[in-house]
$ cat my_file39.cif   # mmCIF, C-alpha atoms
data_my_file
#
loop_
_atom_site.label_atom_id
_atom_site.label_comp_id
_atom_site.auth_asym_id
_atom_site.auth_seq_id
_atom_site.Cartn_x
_atom_site.Cartn_y
_atom_site.Cartn_z
CA MET A 274 48.67 -30.50 -40.10
CA ALA A 275 47.08 -31.17 -43.50
CA VAL A 276 48.52 -29.38 -46.52
CA PRO A 277 45.98 -26.97 -48.07
CA ARG A 278 44.33 -28.33 -51.20
CA LYS A 279 45.54 -26.60 -54.38
CA ILE A 280 42.73 -25.14 -56.45
CA ILE A 281 42.15 -23.01 -59.53
CA ILE A 282 38.81 -21.16 -59.55
CA ASP A 283 37.31 -20.58 -63.02
CA THR A 284 34.48 -18.09 -62.76
CA ASP A 285 32.18 -15.46 -64.27
CA PRO A 286 31.14 -13.23 -61.32
CA GLY A 287 28.09 -12.94 -60.63
CA GLN A 288 27.12 -12.38 -56.99
CA ASP A 289 26.98 -16.10 -56.19
CA ASP A 290 30.44 -16.50 -57.74
CA ALA A 291 31.58 -13.72 -55.38
CA ALA A 292 30.28 -15.73 -52.42
CA ALA A 293 32.20 -18.79 -53.65
CA ILE A 294 35.45 -16.83 -54.04
CA MET A 295 35.03 -15.28 -50.58
CA LEU A 296 34.40 -18.72 -49.09
CA ALA A 297 37.63 -19.98 -50.63
CA LEU A 298 39.69 -16.95 -49.61
CA GLY A 299 38.28 -17.25 -46.09
CA SER A 300 39.65 -20.81 -45.85
CA PRO A 301 43.43 -20.44 -46.35
CA GLY A 302 44.23 -23.30 -43.99
CA GLU A 303 42.34 -25.72 -46.22
CA LEU A 304 42.50 -24.21 -49.71
CA ASP A 305 45.48 -22.81 -51.60
CA VAL A 306 44.09 -20.64 -54.42
CA LEU A 307 46.78 -20.88 -57.13
CA GLY A 308 44.94 -18.41 -59.33
CA ILE A 309 41.49 -17.29 -60.47
CA THR A 310 40.56 -17.41 -64.14
CA ALA A 311 37.70 -15.40 -65.61
CA VAL A 312 35.41 -16.50 -68.43
CA ALA A 313 32.55 -14.84 -70.27
CA GLY A 314 29.16 -15.88 -68.93
CA ASN A 315 27.00 -13.89 -66.54
CA VAL A 316 28.56 -10.79 -68.13
CA PRO A 317 31.32 -10.35 -70.75
CA VAL A 318 34.88 -11.29 -69.78
CA ALA A 319 36.02 -7.66 -69.44
CA LEU A 320 33.57 -7.39 -66.55
CA THR A 321 34.07 -10.86 -65.07
CA SER A 322 37.85 -10.28 -64.88
CA ARG A 323 37.17 -6.89 -63.30
CA ASN A 324 34.72 -8.41 -60.84
CA VAL A 325 37.15 -11.09 -59.68
CA ARG A 326 39.61 -8.35 -58.74
CA VAL A 327 36.89 -6.34 -56.99
CA ILE A 328 36.14 -9.39 -54.84
CA CYS A 329 39.81 -10.05 -54.07
CA GLU A 330 40.29 -6.44 -52.97
CA LEU A 331 37.18 -6.58 -50.77
CA CYS A 332 38.85 -9.58 -49.11
CA ASN A 333 42.17 -7.73 -48.84
CA ARG A 334 43.78 -10.37 -51.04
CA ARG A 335 45.60 -8.38 -53.71
CA ASP A 336 48.18 -11.17 -53.86
CA VAL A 337 45.81 -13.48 -55.75
CA LYS A 338 46.69 -13.80 -59.45
CA VAL A 339 43.75 -13.15 -61.78
CA TYR A 340 43.69 -14.11 -65.46
CA ALA A 341 41.24 -13.21 -68.23
CA GLY A 342 40.10 -16.06 -70.44
CA ALA A 343 37.63 -16.83 -73.22
CA GLU A 344 35.55 -13.95 -74.54
CA ARG A 345 32.91 -16.20 -76.11
CA PRO A 346 31.81 -19.85 -76.24
CA LEU A 347 33.61 -22.32 -78.49
CA VAL A 348 31.19 -22.14 -81.43
CA ARG A 349 28.13 -20.17 -80.31
CA GLN A 350 27.22 -16.58 -79.63
CA LEU A 351 27.60 -15.46 -76.02
CA VAL A 352 24.46 -15.44 -73.86
CA THR A 353 24.72 -13.30 -70.70
CA ALA A 354 22.55 -12.78 -67.60
CA GLU A 355 22.45 -9.08 -66.77
CA HIS A 356 18.73 -9.52 -66.10
CA VAL A 357 19.75 -11.52 -63.02
CA HIS A 358 23.09 -10.01 -61.95
CA GLY A 359 22.74 -6.40 -63.11
CA LYS A 360 24.76 -4.58 -65.74
CA THR A 361 28.09 -5.02 -63.90
CA GLY A 362 27.46 -8.59 -62.77
CA LEU A 363 28.01 -7.49 -59.16
CA ASP A 364 25.19 -5.00 -58.78
CA GLY A 365 24.07 -4.28 -55.22
CA PRO A 366 26.89 -2.66 -53.24
CA VAL A 367 28.85 0.42 -54.23
CA VAL A 368 32.40 -0.83 -54.86
CA GLU A 369 35.66 0.80 -55.82
CA GLU A 370 37.21 0.00 -59.19
CA PRO A 371 40.03 -2.51 -58.64
CA THR A 372 43.64 -1.36 -58.64
CA MET A 373 45.31 -4.79 -58.52
CA PRO A 374 46.65 -5.88 -61.92
CA LEU A 375 45.16 -8.38 -64.31
CA GLN A 376 47.86 -10.87 -65.32
CA THR A 377 49.02 -10.59 -68.93
CA GLU A 378 48.96 -14.35 -69.50
CA HIS A 379 45.77 -15.86 -70.93
CA ALA A 380 43.71 -17.94 -68.50
CA VAL A 381 43.91 -21.04 -70.69
CA ASP A 382 47.72 -20.92 -70.76
CA PHE A 383 47.83 -20.42 -66.99
CA ILE A 384 45.61 -23.48 -66.46
CA ILE A 385 47.78 -25.62 -68.74
CA GLU A 386 51.10 -24.44 -67.31
CA THR A 387 49.94 -24.87 -63.73
CA LEU A 388 48.66 -28.40 -64.27
CA LEU A 389 51.90 -29.36 -66.01
CA ALA A 390 54.07 -27.77 -63.33
CA GLU A 391 52.32 -29.14 -60.25
CA GLU A 392 52.50 -32.79 -59.19
CA PRO A 393 49.87 -34.91 -60.99
CA GLY A 394 46.70 -35.35 -58.98
CA THR A 395 47.26 -32.32 -56.73
CA VAL A 396 45.27 -29.53 -58.44
CA THR A 397 41.47 -29.28 -58.29
CA LEU A 398 39.57 -27.21 -60.84
CA CYS A 399 36.60 -25.34 -59.37
CA THR A 400 34.30 -24.16 -62.16
CA LEU A 401 31.56 -21.67 -61.41
CA GLY A 402 30.56 -20.66 -64.94
CA ALA A 403 30.66 -21.87 -68.53
CA LEU A 404 33.33 -24.49 -69.14
CA THR A 405 34.91 -22.70 -72.12
CA ASN A 406 38.35 -22.10 -70.55
CA ILE A 407 38.64 -25.72 -69.43
CA ALA A 408 37.60 -27.09 -72.83
CA LEU A 409 40.07 -24.80 -74.60
CA ALA A 410 42.82 -26.01 -72.27
CA LEU A 411 41.91 -29.65 -72.94
CA ASN A 412 41.87 -29.05 -76.70
CA LYS A 413 45.25 -27.32 -76.61
CA ALA A 414 46.94 -29.72 -74.16
CA PRO A 415 44.99 -32.98 -73.77
CA GLN A 416 47.78 -34.36 -71.59
CA ILE A 417 46.51 -32.23 -68.68
CA ALA A 418 43.36 -34.33 -68.20
CA PRO A 419 44.93 -37.16 -66.15
CA ARG A 420 46.85 -34.62 -64.06
CA VAL A 421 43.67 -33.02 -62.63
CA ARG A 422 42.80 -34.27 -59.15
CA GLU A 423 39.13 -33.44 -59.55
CA LEU A 424 36.85 -30.94 -61.28
CA VAL A 425 34.09 -29.70 -58.98
CA MET A 426 31.54 -27.71 -60.92
CA MET A 427 28.29 -25.84 -60.54
CA GLY A 428 26.11 -26.63 -63.49
CA GLY A 429 23.26 -28.64 -64.88
CA GLY A 430 20.08 -30.01 -63.44
CA PHE A 431 17.96 -33.12 -63.80
CA PHE A 432 14.79 -33.54 -61.72
CA GLU A 433 14.85 -29.77 -61.13
CA GLY A 434 14.94 -28.97 -64.86
CA GLY A 435 16.60 -25.82 -66.12
CA ASN A 436 16.73 -22.14 -65.17
CA ILE A 437 17.48 -20.46 -68.53
CA THR A 438 15.32 -22.82 -70.61
CA PRO A 439 12.94 -25.53 -69.38
CA ALA A 440 15.71 -28.09 -69.96
CA ALA A 441 19.00 -26.27 -69.42
CA GLU A 442 20.88 -24.67 -66.55
CA PHE A 443 22.64 -21.41 -67.47
CA ASN A 444 26.32 -22.41 -67.12
CA ILE A 445 25.90 -25.43 -69.40
CA TYR A 446 23.58 -23.60 -71.81
CA VAL A 447 26.13 -20.82 -72.40
CA ASP A 448 28.64 -23.32 -73.83
CA PRO A 449 27.24 -26.84 -74.16
CA ASP A 450 29.99 -27.82 -76.59
CA ALA A 451 32.63 -27.02 -73.95
CA ALA A 452 30.67 -28.98 -71.34
CA ASP A 453 30.52 -31.95 -73.71
CA ILE A 454 34.32 -31.92 -74.04
CA VAL A 455 34.81 -31.73 -70.28
CA PHE A 456 32.39 -34.55 -69.48
CA LYS A 457 34.10 -36.77 -72.06
CA SER A 458 37.63 -35.92 -70.83
CA GLY A 459 38.00 -38.61 -68.17
CA ILE A 460 38.63 -36.01 -65.45
CA PRO A 461 36.92 -37.01 -62.15
CA ILE A 462 33.90 -34.66 -61.97
CA VAL A 463 31.70 -33.66 -59.05
CA MET A 464 28.56 -31.88 -60.26
CA MET A 465 26.51 -29.43 -58.21
CA PRO A 466 23.24 -29.14 -60.17
CA LEU A 467 20.18 -27.00 -59.57
CA ASP A 468 18.77 -29.96 -57.63
CA VAL A 469 21.26 -29.02 -54.87
CA THR A 470 21.55 -25.26 -55.30
CA HIS A 471 17.79 -24.68 -55.21
CA ARG A 472 17.90 -26.02 -51.64
CA VAL A 473 20.38 -23.41 -50.34
CA LEU A 474 18.16 -20.33 -50.15
CA THR A 475 19.22 -16.87 -48.99
CA TYR A 476 16.57 -16.49 -46.31
CA LYS A 477 16.43 -12.99 -44.85
CA THR A 478 17.71 -14.25 -41.47
CA ARG A 479 20.74 -15.81 -43.17
CA VAL A 480 21.61 -12.64 -45.07
CA GLU A 481 21.18 -10.57 -41.89
CA LYS A 482 23.71 -12.81 -40.09
CA ILE A 483 26.21 -12.19 -42.88
CA LYS A 484 25.64 -8.43 -42.80
CA ALA A 485 26.03 -8.40 -39.01
CA ILE A 486 29.66 -9.53 -39.37
CA GLY A 487 30.28 -5.91 -40.26
CA SER A 488 33.44 -6.28 -42.37
CA PRO A 489 33.62 -4.65 -45.83
CA ALA A 490 33.55 -8.06 -47.51
CA ALA A 491 30.59 -9.35 -45.50
CA VAL A 492 28.53 -6.18 -45.86
CA ALA A 493 29.18 -6.09 -49.60
CA MET A 494 28.23 -9.76 -49.84
CA ALA A 495 24.96 -9.17 -48.01
CA GLU A 496 24.15 -6.25 -50.31
CA MET A 497 24.96 -8.40 -53.35
CA LEU A 498 22.63 -11.12 -52.10
CA GLU A 499 19.84 -8.64 -51.43
CA PHE A 500 20.10 -7.53 -55.06
CA PHE A 501 20.65 -10.98 -56.55
CA GLU A 502 17.79 -12.72 -54.74
CA ARG A 503 15.11 -10.33 -56.03
CA PHE A 504 14.99 -12.11 -59.40
CA ASP A 505 14.61 -15.61 -57.95
CA ILE A 506 12.14 -14.56 -55.26
CA GLU A 507 9.88 -13.27 -58.01
CA LYS A 508 10.54 -16.31 -60.21
CA TYR A 509 10.14 -19.07 -57.61
CA GLY A 510 7.98 -17.37 -54.99
CA SER A 511 10.45 -18.35 -52.27
CA ASP A 512 11.86 -16.54 -49.24
CA GLY A 513 15.29 -15.96 -50.74
CA GLY A 514 17.02 -17.12 -53.89
CA PRO A 515 19.31 -20.10 -54.56
CA LEU A 516 22.99 -19.49 -53.82
CA HIS A 517 24.48 -21.68 -56.54
CA ASP A 518 28.25 -21.36 -56.84
CA PRO A 519 29.48 -21.54 -53.21
CA THR A 520 28.31 -25.16 -53.11
CA VAL A 521 31.44 -26.00 -55.12
CA ILE A 522 33.79 -24.60 -52.47
CA ALA A 523 31.66 -25.90 -49.60
CA TYR A 524 32.03 -29.41 -51.02
CA LEU A 525 35.82 -29.14 -50.83
CA LEU A 526 35.63 -27.94 -47.23
CA ARG A 527 32.77 -30.10 -45.93
CA PRO A 528 31.91 -32.92 -48.36
CA GLU A 529 29.75 -34.52 -45.69
CA LEU A 530 27.20 -31.71 -46.23
CA PHE A 531 26.28 -33.28 -49.59
CA LYS A 532 24.85 -36.57 -50.84
CA GLY A 533 24.81 -37.92 -54.37
CA ARG A 534 25.82 -40.83 -56.56
CA ALA A 535 28.00 -41.73 -59.52
CA CYS A 536 26.14 -41.39 -62.81
CA ASN A 537 26.60 -41.04 -66.51
CA VAL A 538 26.02 -37.46 -67.68
CA GLU A 539 25.69 -36.56 -71.35
CA ILE A 540 25.35 -33.02 -72.72
CA GLU A 541 22.78 -32.20 -75.38
CA THR A 542 24.40 -30.06 -78.10
CA LYS A 543 22.13 -30.53 -81.13
CA SER A 544 18.48 -30.19 -80.17
CA GLU A 545 16.97 -26.72 -80.55
CA LEU A 546 14.49 -27.59 -77.82
CA THR A 547 16.83 -29.04 -75.19
CA VAL A 548 20.32 -27.73 -76.06
CA GLY A 549 22.45 -27.47 -72.90
CA MET A 550 20.50 -30.15 -71.06
CA THR A 551 22.49 -32.41 -68.74
CA VAL A 552 21.06 -35.87 -69.37
CA VAL A 553 21.75 -37.55 -66.01
CA ASP A 554 21.27 -41.32 -65.80
CA TRP A 555 20.28 -41.16 -62.13
CA TRP A 556 18.42 -44.48 -62.20
CA GLN A 557 21.23 -46.26 -64.11
CA VAL A 558 18.97 -47.30 -66.98
CA THR A 559 21.41 -46.93 -69.90
CA GLY A 560 24.46 -48.91 -68.89
CA ARG A 561 26.63 -45.99 -70.00
CA LYS A 562 29.89 -45.51 -68.12
CA HIS A 563 29.82 -43.27 -65.04
CA ASN A 564 31.63 -39.98 -65.65
CA ALA A 565 30.50 -37.77 -62.76
CA LYS A 566 29.46 -37.84 -59.14
CA VAL A 567 26.16 -35.98 -59.19
CA MET A 568 24.96 -34.38 -55.98
CA ARG A 569 21.27 -34.23 -55.10
CA GLU A 570 21.00 -33.42 -51.37
CA VAL A 571 22.59 -30.81 -49.10
CA ASP A 572 22.47 -29.79 -45.45
CA ASP A 573 21.41 -26.25 -46.26
CA GLN A 574 21.80 -24.83 -42.74
CA GLY A 575 25.21 -26.46 -42.37
CA PHE A 576 26.17 -24.83 -45.67
CA PHE A 577 25.14 -21.35 -44.49
CA ASP A 578 26.82 -21.84 -41.11
CA LEU A 579 30.06 -22.63 -42.96
CA LEU A 580 29.72 -19.68 -45.33
CA THR A 581 28.99 -17.24 -42.50
CA GLU A 582 31.88 -18.53 -40.38
CA ARG A 583 34.39 -18.17 -43.24
CA LEU A 584 33.13 -14.73 -44.26
CA ALA A 585 33.81 -13.66 -40.66
CA ARG A 586 37.47 -14.64 -41.12
CA LEU A 587 38.08 -12.24 -44.00
#

$ encode --input "my_file39.cif" --output "C-alpha cells"
Amino acid sequence: MAVPRKIIIDTDPGQDDAAAIMLALGSPGELDVLGITAVAGNVPVALTSRNVRVICELCNRRDVKVYAGAERPLVRQLVTAEHVHGKTGLDGPVVEEPTMPLQTEHAVDFIIETLLAEEPGTVTLCTLGALTNIALALNKAPQIAPRVRELVMMGGGFFEGGNITPAAEFNIYVDPDAADIVFKSGIPIVMMPLDVTHRVLTYKTRVEKIKAIGSPAAVAMAEMLEFFERFDIEKYGSDGGPLHDPTVIAYLLRPELFKGRACNVEIETKSELTVGMTVVDWWQVTGRKHNAKVMREVDDQGFFDLLTERLARL
C-alpha cells in the first residue's frame, strides 16, 4: 500500500479554502497533513487562523496542528476580500467558535523546521492564498528550497486575465513580491490559475449533492458555497461560481483530471497597471527557463465527483 503523501497546507480561508482543506482531510489514505498554516489574505490572519480551526472541528479533526503566520504582505499593505467571503471569511453557515488550540509556534518556523526534519523531497507545499509565509521561510532559510518535493498552488491567470484587477488574480496580487521570490526559488511548481478554476463551477445540482450527504461538514460546505457563489454569479453571469482552491488538492489525488504544460512564469511587481500579473510564456516565445507546470484544462465533473466522494468520508 502506498505511503500517504506528506503535505503542508498554507491557506487564508475563505470558503473555497475550506473545501480544499475538507478534501485533504477526507483523503487520509493518500494525504498526510503535517500541519496547516494560516496567512493574511481573504481576511486578516486572526480570522484565517480561526477559520482553519473551525474547518478542522467540522471535520472532527482536532488533532491537526494549526499555525498562524504572516499578518501582512512582505512590503505592501494588506488587501482583503470580505466583499466576496463575508466579514468572517466563512460566511454562510452558523458555526461554533473553535475550541482546539492554535499552536504557539509561528507558521514560518513550522514550515522551516518541518522541511529540515523530514527527508528531502518528501513534503509538498499546498498554497491556497498569498505566498507570504513561503517567501518568508525561503528568506530565513534558503536551504529549504531543494528539500521541497513540489509546491502546488492556486494563483494567477493568463488567457483568463485577473479577478481583482484586469491583469491580476487575487492571491498573487495580495503579495506579488512574495510570489516573485517563490517563482525564482527553484522549487518545482504546479500552478492552478483562473484558466482552470473558472471551469469548475458550483452548479446548483453539484451543491445539492454535497448538501444531501447530510454530515455537519458537508452541510456547512454547501451553505458556504451558496453564500460564496453569489458574488461570482453576479459578476460572471454563470450558474454557479468558480471553486478555486480545491483544485490544488484534487491535483495531488487525481493528476489525470488536469492538463497543462511547463512554462516560464514571471511576476509583475513594478507596474501600477499590471502589478500581480503572472506573465506566462505559454507559447514559449521568450526562451526563458521553465519554472512552473501551468495547468489550463480540467475534467470539471470528475473534479466534483472526487470532492463529493471525499466530503462523504468525513

$ closest_atom_pairs --input "my_file39.cif" --of "range 445-497 of chain A" --to "range 320-344 of chain A" --cutoff "10 Å" --atoms "all atoms listed in the file" --output "JSON lines"
{"residue": "A:Ser488", "atom": "CA", "partner": "A:Leu331", "partner_atom": "CA", "distance": 9.2}
{"residue": "A:Pro489", "atom": "CA", "partner": "A:Leu331", "partner_atom": "CA", "distance": 6.4}
{"residue": "A:Ala490", "atom": "CA", "partner": "A:Leu331", "partner_atom": "CA", "distance": 5.1}
{"residue": "A:Ala491", "atom": "CA", "partner": "A:Leu331", "partner_atom": "CA", "distance": 8.9}
{"residue": "A:Val492", "atom": "CA", "partner": "A:Leu331", "partner_atom": "CA", "distance": 10.0}
{"residue": "A:Ala493", "atom": "CA", "partner": "A:Leu331", "partner_atom": "CA", "distance": 8.1}
{"residue": "A:Met494", "atom": "CA", "partner": "A:Ile328", "partner_atom": "CA", "distance": 9.4}

$ resolve_selection --input "my_file39.cif" --expression "the PyMOL selection byres ((chain A and resi 389) around 10)" --output "PyMOL selection string"
chain A and resi 383-388+390-393+414+416-417+420-421

$ axis_aligned_box --input "my_file39.cif" --around "range 413-431 of chain A" --padding-each-side "6 Å" --output "lines of an AutoDock Vina configuration file"
center_x = 32.9
center_y = -31.5
center_z = -67.8
size_x = 41.8
size_y = 23.3
size_z = 29.6

$ atom_distance --input "my_file39.cif" --atom1 "CA of Thr520 in chain A" --atom2 "CA of Thr547 in chain A"
25.2 Å

$ residues_around --input "my_file39.cif" --residues "Val463 in chain A" --least-positions-apart "3" --cutoff "7 Å" --atoms "all atoms listed in the file" --output "list in words"
Leu424, Val425, Met426, Ala565, Lys566 and Val567 of chain A

$ closest_atom_pairs --input "my_file39.cif" --of "range 395-439 of chain A" --to "range 345-358 of chain A" --cutoff "10 Å" --atoms "only C-alpha atoms" --output "CSV"
residue,atom,partner,partner_atom,distance
A:Ala403,CA,A:Pro346,CA,8.1
A:Leu404,CA,A:Pro346,CA,8.6
A:Thr405,CA,A:Pro346,CA,5.9
A:Asn406,CA,A:Pro346,CA,9.0
A:Ala408,CA,A:Leu347,CA,8.4
A:Leu409,CA,A:Leu347,CA,7.9
A:Ile437,CA,A:Ala354,CA,9.2
